[in-house]
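Novice: My file is data-v6.tsv. It has TSV, C-alpha atoms:
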chain	number	residue	atom	x	y	z
A	12	MET	CA	-4.09	1.84	-20.39
A	13	ALA	CA	-4.34	5.11	-18.43
A	14	THR	CA	-2.19	6.93	-15.89
A	15	ILE	CA	-5.04	7.69	-13.46
A	16	GLY	CA	-8.44	6.02	-13.25
A	17	VAL	CA	-11.55	6.41	-11.13
A	18	VAL	CA	-13.89	3.52	-10.30
A	19	VAL	CA	-17.41	4.52	-9.25
A	20	PRO	CA	-20.02	1.99	-8.00
A	21	VAL	CA	-23.45	3.45	-8.77
A	22	TYR	CA	-26.76	2.64	-7.13
A	23	GLN	CA	-29.73	4.97	-7.55
A	24	GLY	CA	-27.27	7.70	-8.50
A	25	GLU	CA	-29.49	9.78	-10.78
A	26	PRO	CA	-29.61	12.84	-8.43
A	27	THR	CA	-25.79	13.21	-8.35
A	28	LEU	CA	-24.30	11.64	-11.47
A	29	GLU	CA	-24.32	14.72	-13.70
A	30	GLU	CA	-22.51	16.85	-11.11
A	31	LEU	CA	-20.18	14.01	-10.13
A	32	HIS	CA	-19.15	13.39	-13.73
A	33	ARG	CA	-18.54	17.08	-14.35
A	34	ARG	CA	-16.36	17.48	-11.26
A	35	VAL	CA	-14.41	14.24	-11.66
A	36	THR	CA	-13.57	14.87	-15.32
A	37	ALA	CA	-12.47	18.41	-14.43
A	38	GLU	CA	-10.15	17.17	-11.67
A	39	LEU	CA	-8.73	14.37	-13.82
A	40	GLY	CA	-8.23	16.72	-16.76
A	41	ALA	CA	-6.20	19.06	-14.56
A	42	LEU	CA	-3.96	16.16	-13.53
A	43	THR	CA	-3.42	14.41	-16.85
A	44	GLY	CA	-4.94	13.87	-20.26
A	45	ASP	CA	-4.39	10.15	-19.85
A	46	TRP	CA	-7.26	9.16	-17.56
A	47	GLU	CA	-10.21	6.78	-17.39
A	48	ILE	CA	-13.46	6.42	-15.46
A	49	VAL	CA	-15.20	3.09	-14.91
A	50	TYR	CA	-18.80	3.37	-13.74
A	51	VAL	CA	-20.57	0.25	-12.47
A	52	ASP	CA	-24.36	0.38	-12.29
A	53	ASP	CA	-25.28	-1.92	-9.41
A	54	GLY	CA	-28.84	-2.70	-10.51
A	55	SER	CA	-30.24	0.83	-10.21
A	56	ALA	CA	-33.98	1.26	-10.75
A	57	ASP	CA	-33.75	4.97	-11.64
A	58	ARG	CA	-32.20	6.65	-14.71
A	59	SER	CA	-28.61	5.98	-13.66
A	60	TRP	CA	-27.88	3.61	-16.56
A	61	PRO	CA	-29.05	5.93	-19.37
A	62	LEU	CA	-26.86	8.67	-17.88
A	63	LEU	CA	-23.85	6.35	-17.72
A	64	GLU	CA	-24.44	5.26	-21.30
A	65	ARG	CA	-24.43	8.89	-22.35
A	66	PHE	CA	-21.19	9.60	-20.49
A	67	ALA	CA	-19.53	6.60	-22.13
A	68	ALA	CA	-20.81	7.51	-25.61
A	69	GLY	CA	-19.43	11.01	-25.25
A	70	ASP	CA	-15.87	10.10	-24.26
A	71	PRO	CA	-13.88	6.92	-25.05
A	72	ARG	CA	-12.07	7.30	-21.73
A	73	VAL	CA	-15.34	6.56	-19.91
A	74	ARG	CA	-16.68	3.01	-19.58
A	75	ALA	CA	-20.00	1.88	-18.16
A	76	VAL	CA	-20.60	-1.59	-16.75
A	77	LYS	CA	-24.11	-2.78	-15.91
A	78	LEU	CA	-24.76	-5.53	-13.37
A	79	ILE	CA	-27.94	-7.55	-13.94
A	80	ARG	CA	-29.18	-6.87	-10.40
A	81	ASN	CA	-28.18	-5.19	-7.16
A	82	TYR	CA	-25.21	-7.10	-5.73
A	83	GLY	CA	-24.05	-4.48	-3.25
A	84	GLU	CA	-21.31	-1.86	-3.19
A	85	HIS	CA	-18.40	-4.20	-2.52
A	86	LEU	CA	-19.12	-6.51	-5.45
A	87	ALA	CA	-19.73	-3.47	-7.66
A	88	ILE	CA	-16.31	-2.10	-6.67
A	89	THR	CA	-14.79	-5.48	-7.52
A	90	ALA	CA	-16.44	-5.41	-10.96
A	91	GLY	CA	-15.05	-1.92	-11.53
A	92	LEU	CA	-11.54	-2.92	-10.56
A	93	ASP	CA	-11.81	-5.97	-12.81
A	94	HIS	CA	-12.32	-3.53	-15.71
A	95	ALA	CA	-9.79	-0.91	-14.55
A	96	ASP	CA	-6.64	-0.42	-16.60
A	97	ALA	CA	-4.79	2.45	-14.94
A	98	ASP	CA	-1.48	2.83	-13.14
A	99	LEU	CA	-3.41	4.30	-10.21
A	100	SER	CA	-7.13	3.55	-9.68
A	101	VAL	CA	-9.22	5.58	-7.23
A	102	ILE	CA	-12.45	4.18	-5.77
A	103	MET	CA	-15.10	6.86	-5.25
A	104	ALA	CA	-18.75	6.84	-4.17
A	105	CYS	CA	-21.39	8.27	-6.50
A	106	ASP	CA	-23.21	10.43	-3.92
A	107	LEU	CA	-20.58	13.25	-3.77
A	108	GLN	CA	-19.67	12.48	-0.15
A	109	ASP	CA	-16.24	11.52	-1.52
A	110	ASP	CA	-15.09	14.95	-2.68
A	111	PRO	CA	-13.55	14.88	-6.19
A	112	ALA	CA	-11.47	17.90	-5.14
A	113	ALA	CA	-9.39	15.51	-3.01
A	114	LEU	CA	-8.16	13.62	-6.09
A	115	PRO	CA	-4.95	15.70	-6.51
A	116	ALA	CA	-3.97	15.07	-2.87
A	117	ILE	CA	-4.64	11.34	-3.21
A	118	VAL	CA	-2.58	11.10	-6.39
A	119	ALA	CA	0.23	13.17	-4.83
A	120	ALA	CA	0.31	10.89	-1.78
A	121	ALA	CA	0.64	7.81	-3.98
A	122	ARG	CA	3.47	9.37	-5.98
A	123	THR	CA	5.46	10.80	-3.06
A	124	THR	CA	5.18	7.83	-0.69
A	125	GLY	CA	5.32	4.98	-3.19
A	126	ALA	CA	2.54	3.23	-1.26
A	127	ASP	CA	0.34	0.72	-3.06
A	128	LEU	CA	-2.73	1.82	-1.11
A	129	VAL	CA	-3.72	5.39	-0.26
A	130	LEU	CA	-6.56	5.48	2.26
A	131	THR	CA	-8.59	8.58	3.08
A	132	ARG	CA	-9.63	9.44	6.61
A	133	ARG	CA	-12.96	11.28	6.64
A	134	MET	CA	-12.74	14.39	8.82
A	135	GLN	CA	-15.98	15.75	10.31
A	136	ARG	CA	-17.99	12.91	8.87
A	137	GLN	CA	-21.26	14.17	7.38
A	138	ASP	CA	-23.50	11.26	8.33
A	139	PRO	CA	-26.34	10.86	10.85
A	140	VAL	CA	-25.22	10.25	14.43
A	141	LEU	CA	-26.64	6.70	14.46
A	142	LYS	CA	-24.72	5.75	11.32
A	143	ARG	CA	-21.48	7.12	12.77
A	144	LEU	CA	-21.99	5.20	16.02
A	145	LEU	CA	-22.77	1.97	14.17
A	146	ALA	CA	-19.68	2.42	11.99
A	147	ARG	CA	-17.51	2.89	15.07
A	148	LEU	CA	-18.99	-0.25	16.67
A	149	PHE	CA	-18.65	-2.25	13.44
A	150	TYR	CA	-14.95	-1.49	13.04
A	151	ALA	CA	-14.23	-2.05	16.73
A	152	VAL	CA	-15.76	-5.53	16.56
A	153	VAL	CA	-14.06	-6.39	13.28
A	154	GLN	CA	-10.69	-5.16	14.56
A	155	PHE	CA	-11.03	-7.38	17.62
A	156	PHE	CA	-12.02	-10.53	15.76
A	157	VAL	CA	-10.12	-10.17	12.47
A	158	LYS	CA	-6.95	-8.93	14.19
A	159	VAL	CA	-6.25	-6.10	11.77
A	160	ARG	CA	-6.12	-2.40	12.56
A	161	TYR	CA	-9.17	-0.40	11.46
A	162	ASP	CA	-9.98	3.27	11.68
A	163	HIS	CA	-13.73	3.88	11.63
A	164	ARG	CA	-13.11	7.18	9.81
A	165	VAL	CA	-11.59	5.40	6.78
A	166	GLY	CA	-14.06	4.50	4.05
A	167	ASN	CA	-13.83	3.12	0.53
A	168	TYR	CA	-12.47	6.36	-0.99
A	169	ARG	CA	-8.94	5.18	-1.72
A	170	ALA	CA	-6.33	4.67	-4.41
A	171	LEU	CA	-4.69	1.45	-5.55
A	172	THR	CA	-1.66	0.96	-7.71
A	173	ARG	CA	-1.84	-1.52	-10.56
A	174	ARG	CA	-0.12	-4.09	-8.34
A	175	ALA	CA	-2.70	-3.58	-5.58
A	176	VAL	CA	-5.60	-3.89	-8.05
A	177	ARG	CA	-4.15	-7.11	-9.44
A	178	GLN	CA	-3.71	-8.58	-5.96
A	179	PHE	CA	-7.18	-7.47	-4.81
A	180	CYS	CA	-8.81	-9.05	-7.86
A	181	GLU	CA	-7.33	-12.42	-6.95
A	182	TYR	CA	-9.80	-12.56	-4.04
A	183	ARG	CA	-13.01	-13.98	-5.50
A	184	GLU	CA	-15.20	-14.56	-2.46
A	185	ARG	CA	-18.92	-14.11	-3.16
A	186	THR	CA	-19.37	-12.36	0.19
A	187	ARG	CA	-16.66	-9.75	0.37
A	188	ASN	CA	-15.64	-6.55	2.10
A	189	VAL	CA	-13.24	-4.14	0.42
A	190	ASN	CA	-11.77	-2.85	3.68
A	191	ALA	CA	-11.15	-6.32	5.10
A	192	ILE	CA	-9.54	-7.69	1.95
A	193	MET	CA	-7.23	-4.71	1.47
A	194	ALA	CA	-6.28	-4.76	5.15
A	195	ILE	CA	-5.08	-8.36	4.96
A	196	MET	CA	-3.25	-7.89	1.66
A	197	GLY	CA	-0.31	-6.44	3.57
A	198	LEU	CA	0.78	-3.91	0.94
A	199	PRO	CA	2.52	-0.61	1.78
A	200	THR	CA	-0.22	1.79	2.84
A	201	THR	CA	-0.48	5.48	3.63
A	202	THR	CA	-3.41	7.56	4.87
A	203	ILE	CA	-4.37	11.17	4.24
A	204	ASP	CA	-7.11	13.33	5.74
A	205	VAL	CA	-9.94	14.58	3.52
A	206	GLN	CA	-13.08	16.60	4.16
A	207	HIS	CA	-16.17	14.45	4.11
A	208	GLN	CA	-19.05	16.05	2.23
A	209	ALA	CA	-22.80	16.01	2.73
A	210	ARG	CA	-24.72	13.62	0.50
A	211	GLY	CA	-25.50	15.29	-2.80
A	212	GLY	CA	-28.86	13.55	-3.17
A	213	GLY	CA	-30.71	10.31	-2.65
A	214	LYS	CA	-30.32	8.16	0.44
A	215	SER	CA	-27.90	5.57	1.73
A	216	GLY	CA	-28.37	1.98	0.57
A	217	TYR	CA	-27.13	0.70	3.93
A	218	SER	CA	-30.01	-0.04	6.30
A	219	ILE	CA	-29.30	-1.25	9.83
A	220	SER	CA	-30.19	-4.83	8.84
A	221	ARG	CA	-27.95	-4.72	5.77
A	222	SER	CA	-25.07	-3.30	7.80
A	223	ALA	CA	-25.54	-6.06	10.38
A	224	ARG	CA	-25.42	-8.73	7.66
A	225	LEU	CA	-22.24	-7.18	6.27
A	226	ALA	CA	-20.63	-7.25	9.72
A	227	PHE	CA	-21.63	-10.90	10.18
A	228	HIS	CA	-20.20	-11.88	6.80
A	229	VAL	CA	-16.91	-10.10	7.56
A	230	LEU	CA	-16.56	-11.90	10.89
A	231	VAL	CA	-17.34	-15.30	9.37
A	232	GLY	CA	-15.35	-14.77	6.19
A	233	TYR	CA	-12.21	-13.11	7.51
A	234	SER	CA	-11.77	-14.28	11.08
A	235	GLU	CA	-10.75	-17.61	12.57
A	236	VAL	CA	-12.49	-16.80	15.85
A	237	PRO	CA	-15.97	-18.16	14.91
A	238	LEU	CA	-14.38	-21.43	13.75
A	239	GLN	CA	-12.35	-21.65	16.94
A	240	LEU	CA	-15.48	-21.07	19.02
A	241	VAL	CA	-17.33	-23.83	17.15
A	242	VAL	CA	-14.41	-26.23	17.69
A	243	MET	CA	-14.28	-25.38	21.39
A	244	LEU	CA	-18.04	-25.86	21.71
A	245	GLY	CA	-17.82	-29.18	19.90
A	246	ALA	CA	-15.00	-30.32	22.16
A	247	ALA	CA	-17.00	-29.34	25.23
A	248	VAL	CA	-20.04	-31.30	24.02
A	249	ILE	CA	-17.89	-34.37	23.29
A	250	ALA	CA	-16.21	-34.12	26.70
A	251	ALA	CA	-19.60	-33.86	28.43
A	252	ALA	CA	-20.92	-36.84	26.47
A	253	LEU	CA	-17.89	-38.96	27.37
A	254	ALA	CA	-18.19	-37.98	31.00
A	255	ARG	CA	-21.86	-38.93	30.99
A	256	LEU	CA	-21.08	-42.25	29.29
A	257	GLY	CA	-18.36	-42.98	31.81
A	258	TRP	CA	-20.68	-42.22	34.71
A	259	LEU	CA	-23.38	-44.53	33.29
A	260	ALA	CA	-20.85	-47.32	32.67
A	261	TRP	CA	-19.50	-47.01	36.21
Output the file's structure in the form of structure tokens.

Specialist:
Amino acid sequence: MATIGVVVPVYQGEPTLEELHRRVTAELGALTGDWEIVYVDDGSADRSWPLLERFAAGDPRVRAVKLIRNYGEHLAITAGLDHADADLSVIMACDLQDDPAALPAIVAAARTTGADLVLTRRMQRQDPVLKRLLARLFYAVVQFFVKVRYDHRVGNYRALTRRAVRQFCEYRERTRNVNAIMAIMGLPTTTIDVQHQARGGGKSGYSISRSARLAFHVLVGYSEVPLQLVVMLGAAVIAAALARLGWLAW
């Protein structure tokens, strides 16, 4: 059991893992000696796993979990939270776009507000223009259909109390979205602004097609609107069939 933990989903993280580990351990060490890091290798094909094994062998506060194939960031985050055992667990990307220097502010926000979820709003987002536009469109559509408030600047860099982790881990859908699940959990939430950083290396695992599939799964999995549309369409077809039958019988 630790006071503060960090959960890091890793995919093709070899270019950034050494620097990430150095900076995260330094920030955690300045906050408390009672910390943990849970790395989850999401089926990387590079040298990510040997690096994670070395980190774990060098410090008992570090754990490395290896998935047998690439399941995607959201399932990797779930696996990490399943293994987390901290009073406050922070989800962080492995590409250094989530700045480890923001950890003290995130922890302070959790302690001063008493919120179960601390979200981070990415200021001056360091992503290509197309990716920013697609993110804005994605969250606008999801907000409309799922009926929860979304801010396109909020990513997965966030903190959860032990209660929030326990409640999140009760959701066991195969197709899942961290933002959607945590939005519908209804726990006390606060948001802080952080500086978004340029990618430290490698490239994003989210292609346009993969992002589109994620959006579709969120709409189908977390909204009643598609079901309502199917019911309405079915009712319209039945009504048309009955009208046709009545006309033929007459």

Novice: Compile the contact shell of A:Phe66 as a list in words: residues with an atom at most 12 Å away, counting only C-alpha atoms, same-chain residues fewer than 3 positions apart removed.

Specialist: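 That gives Leu28, Glu29, Glu30, Leu31, His32, Arg33, Thr36, Glu47, Ile48, Val49, Tyr50, Ser59, Trp60, Pro61, Leu62, Leu63, Gly69, Asp70, Pro71, Arg72, Val73, Arg74, Ala75 and Val76 of chain A.
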
Novice: Convert the current residue selection to file output with C-alpha atoms, as a PDB file, keeping the file's coordinate frame.

Specialist:
ATOM      1  CA  LEU A  28     -24.300  11.640 -11.470  1.00  0.00           C
ATOM      2  CA  GLU A  29     -24.320  14.720 -13.700  1.00  0.00           C
ATOM      3  CA  GLU A  30     -22.510  16.850 -11.110  1.00  0.00           C
ATOM      4  CA  LEU A  31     -20.180  14.010 -10.130  1.00  0.00           C
ATOM      5  CA  HIS A  32     -19.150  13.390 -13.730  1.00  0.00           C
ATOM      6  CA  ARG A  33     -18.540  17.080 -14.350  1.00  0.00           C
ATOM      7  CA  THR A  36     -13.570  14.870 -15.320  1.00  0.00           C
ATOM      8  CA  GLU A  47     -10.210   6.780 -17.390  1.00  0.00           C
ATOM      9  CA  ILE A  48     -13.460   6.420 -15.460  1.00  0.00           C
ATOM     10  CA  VAL A  49     -15.200   3.090 -14.910  1.00  0.00           C
ATOM     11  CA  TYR A  50     -18.800   3.370 -13.740  1.00  0.00           C
ATOM     12  CA  SER A  59     -28.610   5.980 -13.660  1.00  0.00           C
ATOM     13  CA  TRP A  60     -27.880   3.610 -16.560  1.00  0.00           C
ATOM     14  CA  PRO A  61     -29.050   5.930 -19.370  1.00  0.00           C
ATOM     15  CA  LEU A  62     -26.860   8.670 -17.880  1.00  0.00           C
ATOM     16  CA  LEU A  63     -23.850   6.350 -17.720  1.00  0.00           C
ATOM     17  CA  GLY A  69     -19.430  11.010 -25.250  1.00  0.00           C
ATOM     18  CA  ASP A  70     -15.870  10.100 -24.260  1.00  0.00           C
ATOM     19  CA  PRO A  71     -13.880   6.920 -25.050  1.00  0.00           C
ATOM     20  CA  ARG A  72     -12.070   7.300 -21.730  1.00  0.00           C
ATOM     21  CA  VAL A  73     -15.340   6.560 -19.910  1.00  0.00           C
ATOM     22  CA  ARG A  74     -16.680   3.010 -19.580  1.00  0.00           C
ATOM     23  CA  ALA A  75     -20.000   1.880 -18.160  1.00  0.00           C
ATOM     24  CA  VAL A  76     -20.600  -1.590 -16.750  1.00  0.00           C
TER      25      VAL A  76
END

Novice: Between atom CA of A:Leu107 and atom CA of A:Ala175, what distance in Å does the model show, to one decimal?

Specialist: 24.6 Å

Novice: What is the atom CA of A:Asn188-atom CA of A:Gly83 distance in Å, reported with one decimal?

Specialist: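 Between atom CA of A:Asn188 and atom CA of A:Gly83 the gap is 10.2 Å.
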
Novice: Which one of A:Thr89, A:Thr124, A:Gln108, A:Thr14 sits closest to A:Val189 if you count only C-alpha atoms?

Specialist: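 Smallest distance to A:Val189 is found for A:Thr89.
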
Novice: Determine the nearest neighbour of A:Gln206 from the options A:Ala87, A:Ala191, A:Ala116, A:Ala250, counting only C-alpha atoms.

Specialist: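 Result for the nearest residue to A:Gln206: A:Ala116.
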
Novice: Neighbouring residues of A:Ala112 were defined as those with any atom within 9 Å, considering all atoms listed in the file; residues of the same chain fewer than 2 positions away were excluded. Please report them as an MDAnalysis selection string.

Specialist: chainID A and resid 34:35 38 109:110 114:116

Novice: So what do you get for atom CA of A:Ala126 versus atom CA of A:Thr200, distance-wise?

Specialist: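 So the answer is 5.1 Å.
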